[in-house]
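Before any comments, here is the structure.
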Amino acid sequence: MTTTKIAPLVMTTIEPPPAGAFTVHLVAVGDPPSPTLLAGWEMLGVRPLAVAAPDPGTNAPCLLFAPPVRGFVRAGLTQPFHGFIELGEGSEALSPGCVAAIRQGGLALSLTTRVASELDLAKVLVAAVGDRFGIASHILGRLELVLAEAISNAIIHGNLGISSEDRATLEGVQAFHAVMADRLADPVLASRRIELAVLKKAATLTLTLSDHGEGYDLARELGRMPTGSDKFGRGLALIRWLSHSVTAGDGGRTLVVTFDLG
């Protein structure tokens, strides 16, 4: 009989990247970045520089700042870009995890909850990660499952603040979908951001996912082993099983998952 190794859980505080601003090139399609956005980025050590197109002659990472059209999202995750920032709604933020990733050559993505709920982000990101980092197919398969679960949790439980506890009956499922539709129709909740970053460093692939919800006791949920009678709540256990380590931070708003590539 084989035994399954459960990824260790570590609670930490997600800190901003090291001091010392670095330049990020920004290709804007449509409206230019707002002064508020630029000021927020500069507080995280990012000096954005508007350019017409990616410059292959520079080492500065380049982000695509554009409307959330599927083709734009894919383009922003494809070389020579290092990420996509949705134009228009919400904070247009870069989380500390995103800043840290692009600083080291990784990928970053910032989308509103409304758009994140409509796109198959797991497939889009896995394709981009495979093309950029040359990750083995069996790791990409695990990454896709983890991404799908983590993104769903960030949208539903994080930014929309919906519980899954009442979905054990047909009536509960119907009520759940009605609540989700109502909250996605709320412009404040729908414009909250989902921020993802992926970084390959040596033999480790790191996924960082942040939401802008009210916070969550993620440590308790990650530490709880599901029982055979549980109808829901198995997603975090699945993430731990498929990954090397899981870190919770920022009051449960940030999840950091690592994969061993060795």
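Residues are referred to by chain and number: the chain letter is A, B, ... according to the order shown in the structure tokens, the number counts from 1 in that chain, and ligands are numbered separately from 1 in the order shown.
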Hey, what's within 10 Å of Ala197 in chain A if we count only C-alpha atoms and toss same-chain stuff fewer than 2 positions away? As an MDAnalysis selection string, please?
-> chainID A and resid 82:83 94:102 106:110 125 195 199 206:210 256
Excluding same-chain residues fewer than 2 positions from range 68-81 of chain A, what lies within 8 Å of it counting only C-alpha atoms, as a list in words?
-> Pro54, Pro56, Pro61, Cys62, Leu63, Leu64, Ala66, Gly83, Phe84, Glu86, Leu87, Leu107, Ala108, Leu109, Leu111, Val115, Leu119, Val124, Leu125, Ala128 and Arg132 of chain A
Export of prior selection with C-alpha atoms as a PDB file, in the first residue's frame:
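Full text of again_18.pdb as output:
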ATOM      1  CA  PRO A  54       7.786  45.479 -26.219  1.00  0.00           C
ATOM      2  CA  PRO A  56      13.558  43.121 -27.242  1.00  0.00           C
ATOM      3  CA  PRO A  61       9.662  43.154 -18.069  1.00  0.00           C
ATOM      4  CA  CYS A  62       6.743  44.294 -20.205  1.00  0.00           C
ATOM      5  CA  LEU A  63       3.060  44.127 -19.212  1.00  0.00           C
ATOM      6  CA  LEU A  64       0.004  44.488 -21.432  1.00  0.00           C
ATOM      7  CA  ALA A  66      -5.780  46.361 -22.071  1.00  0.00           C
ATOM      8  CA  GLY A  83       1.705  39.619 -17.821  1.00  0.00           C
ATOM      9  CA  PHE A  84      -1.733  41.129 -18.418  1.00  0.00           C
ATOM     10  CA  GLU A  86      -7.217  44.341 -17.088  1.00  0.00           C
ATOM     11  CA  LEU A  87      -8.040  47.945 -17.980  1.00  0.00           C
ATOM     12  CA  LEU A 107       4.229  35.899 -15.140  1.00  0.00           C
ATOM     13  CA  ALA A 108       1.594  38.191 -13.599  1.00  0.00           C
ATOM     14  CA  LEU A 109      -2.134  38.550 -14.185  1.00  0.00           C
ATOM     15  CA  LEU A 111      -8.400  40.549 -13.609  1.00  0.00           C
ATOM     16  CA  VAL A 115     -13.927  38.560 -16.085  1.00  0.00           C
ATOM     17  CA  LEU A 119     -12.647  32.911 -18.661  1.00  0.00           C
ATOM     18  CA  VAL A 124      -5.067  29.807 -20.331  1.00  0.00           C
ATOM     19  CA  LEU A 125      -2.427  30.030 -17.600  1.00  0.00           C
ATOM     20  CA  ALA A 128       1.291  30.053 -21.001  1.00  0.00           C
ATOM     21  CA  ARG A 132       7.386  29.884 -21.250  1.00  0.00           C
TER      22      ARG A 132
END
Tell me, which residues of range 11-86 of chain A carry DSSP helix (DSSP H, G or I), written as a PyMOL selection string?
-> chain A and resi 35-43+70-76
Residues within 9 Å of Arg103 in chain A, only C-alpha atoms, excluding chain neighbours under 6 positions, as a short mmCIF file (atom, residue, chain, number, x, y, z; two decimals) with C-alpha atoms, in the first residue's frame:
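Output (around31.cif):
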data_model
loop_
_atom_site.label_atom_id
_atom_site.label_comp_id
_atom_site.auth_asym_id
_atom_site.auth_seq_id
_atom_site.Cartn_x
_atom_site.Cartn_y
_atom_site.Cartn_z
CA PRO A 17 9.38 42.94 -2.66
CA PHE A 22 12.70 48.65 -10.91
CA VAL A 24 8.42 47.85 -15.90
CA ALA A 60 12.78 45.35 -18.28
CA PRO A 61 9.66 43.15 -18.07
#
Option closest in space to Ile85 in chain A, from A:Leu37, A:Leu255, A:Ala148, A:Ala237 [counting only C-alpha atoms] | A:Leu37
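Nearest to Asp211 in chain A of all the residues A:Leu26, A:Ile155, A:Ala52, A:Ala185 is A:Ile155, based on only C-alpha atoms.
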May I have the residues within 8 Å of Thr113 in chain A as a VMD selection string, using only C-alpha atoms and disregarding those fewer than 5 positions away in the same chain?
-> chain A and resid 155 159 184 189 to 194
Output file for the residues above (C-alpha atoms, as a PDB file, in the first residue's frame):
ATOM      1  CA  ILE A 155     -13.857  34.186  -6.723  1.00  0.00           C
ATOM      2  CA  ASN A 159     -14.299  38.285  -3.584  1.00  0.00           C
ATOM      3  CA  LEU A 184     -21.687  39.177  -9.880  1.00  0.00           C
ATOM      4  CA  LEU A 189     -18.058  42.959  -5.804  1.00  0.00           C
ATOM      5  CA  ALA A 190     -17.650  42.188  -9.506  1.00  0.00           C
ATOM      6  CA  SER A 191     -14.829  44.722  -9.841  1.00  0.00           C
ATOM      7  CA  ARG A 192     -12.739  43.235  -7.021  1.00  0.00           C
ATOM      8  CA  ARG A 193      -9.482  41.863  -8.402  1.00  0.00           C
ATOM      9  CA  ILE A 194      -8.015  38.387  -8.700  1.00  0.00           C
TER      10      ILE A 194
END
Using only C-alpha atoms, which of A:Leu238, A:Val179, A:Lys201, A:Gly251 sits nearest Gly213 in chain A?
->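 For Gly213 in chain A, the nearest of the given residues is A:Gly251.
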CA of His157 in chain A and CA of Asp260 in chain A, how far apart in Å?
->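 Going from CA of Asp260 in chain A over to CA of His157 in chain A, I get 27.6 Å.
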Just list the residues in range 66-146 of chain A DSSP gives strand (DSSP E or B) on the backbone, as a ChimeraX atom specification.
-> /A:66,83-86,107-112
Would you mind listing what lies within 9 Å of Leu140 in chain A as a count of residues only, with only C-alpha atoms counted and same-chain residues fewer than 6 positions away left out?
-> 4
Please identify all polymer residues within 10 Å of Thr258 in chain A, counting only C-alpha atoms, omitting same-chain residues fewer than 2 positions from it, and present them as a PyMOL selection string.
-> chain A and resi 7+143+198-200+204-208+240+242-247+256+260-261
Output file for the residues above (C-alpha atoms, as an mmCIF file, in the first residue's frame):
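Saved the output as part_25.cif:
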data_model
loop_
_atom_site.group_PDB
_atom_site.id
_atom_site.type_symbol
_atom_site.label_atom_id
_atom_site.label_comp_id
_atom_site.auth_asym_id
_atom_site.auth_seq_id
_atom_site.Cartn_x
_atom_site.Cartn_y
_atom_site.Cartn_z
ATOM 1 C CA ALA A 7 1.995 19.230 1.471
ATOM 2 C CA LEU A 143 -1.055 22.821 -11.893
ATOM 3 C CA VAL A 198 3.718 32.231 -11.537
ATOM 4 C CA LEU A 199 7.477 31.985 -11.073
ATOM 5 C CA LYS A 200 9.947 29.234 -11.921
ATOM 6 C CA THR A 204 10.523 25.022 -7.961
ATOM 7 C CA LEU A 205 7.411 26.445 -9.589
ATOM 8 C CA THR A 206 5.520 28.908 -7.376
ATOM 9 C CA LEU A 207 1.903 29.994 -7.850
ATOM 10 C CA THR A 208 0.664 33.033 -5.893
ATOM 11 C CA ARG A 240 -2.307 20.224 -0.662
ATOM 12 C CA LEU A 242 -1.206 17.876 -5.595
ATOM 13 C CA SER A 243 1.470 20.352 -4.508
ATOM 14 C CA HIS A 244 4.732 20.414 -2.567
ATOM 15 C CA SER A 245 3.784 23.133 -0.073
ATOM 16 C CA VAL A 246 0.946 25.546 0.660
ATOM 17 C CA THR A 247 1.324 28.924 2.337
ATOM 18 C CA VAL A 256 1.046 30.471 -2.298
ATOM 19 C CA ASP A 260 8.743 20.454 -6.932
ATOM 20 C CA LEU A 261 10.102 20.118 -10.482
#
Would you mind listing what lies within 10 Å of Gly30 in chain A as a PyMOL selection string, with only C-alpha atoms counted and same-chain residues fewer than 2 positions away left out?
-> chain A and resi 27-28+32-33+65-67+87-88
Among listed residues A:Asn153, A:Ser137, A:Gln174, A:Thr36, nearest Thr254 in chain A (using only C-alpha atoms) |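 Residue with the minimum atom-to-atom distance to Thr254 in chain A: A:Asn153.
Candidate residues A:Asp217, A:Glu171, A:Asp186, A:Gly262 were compared for distance to Ala248 in chain A, and the nearest is A:Asp217, using only C-alpha atoms.
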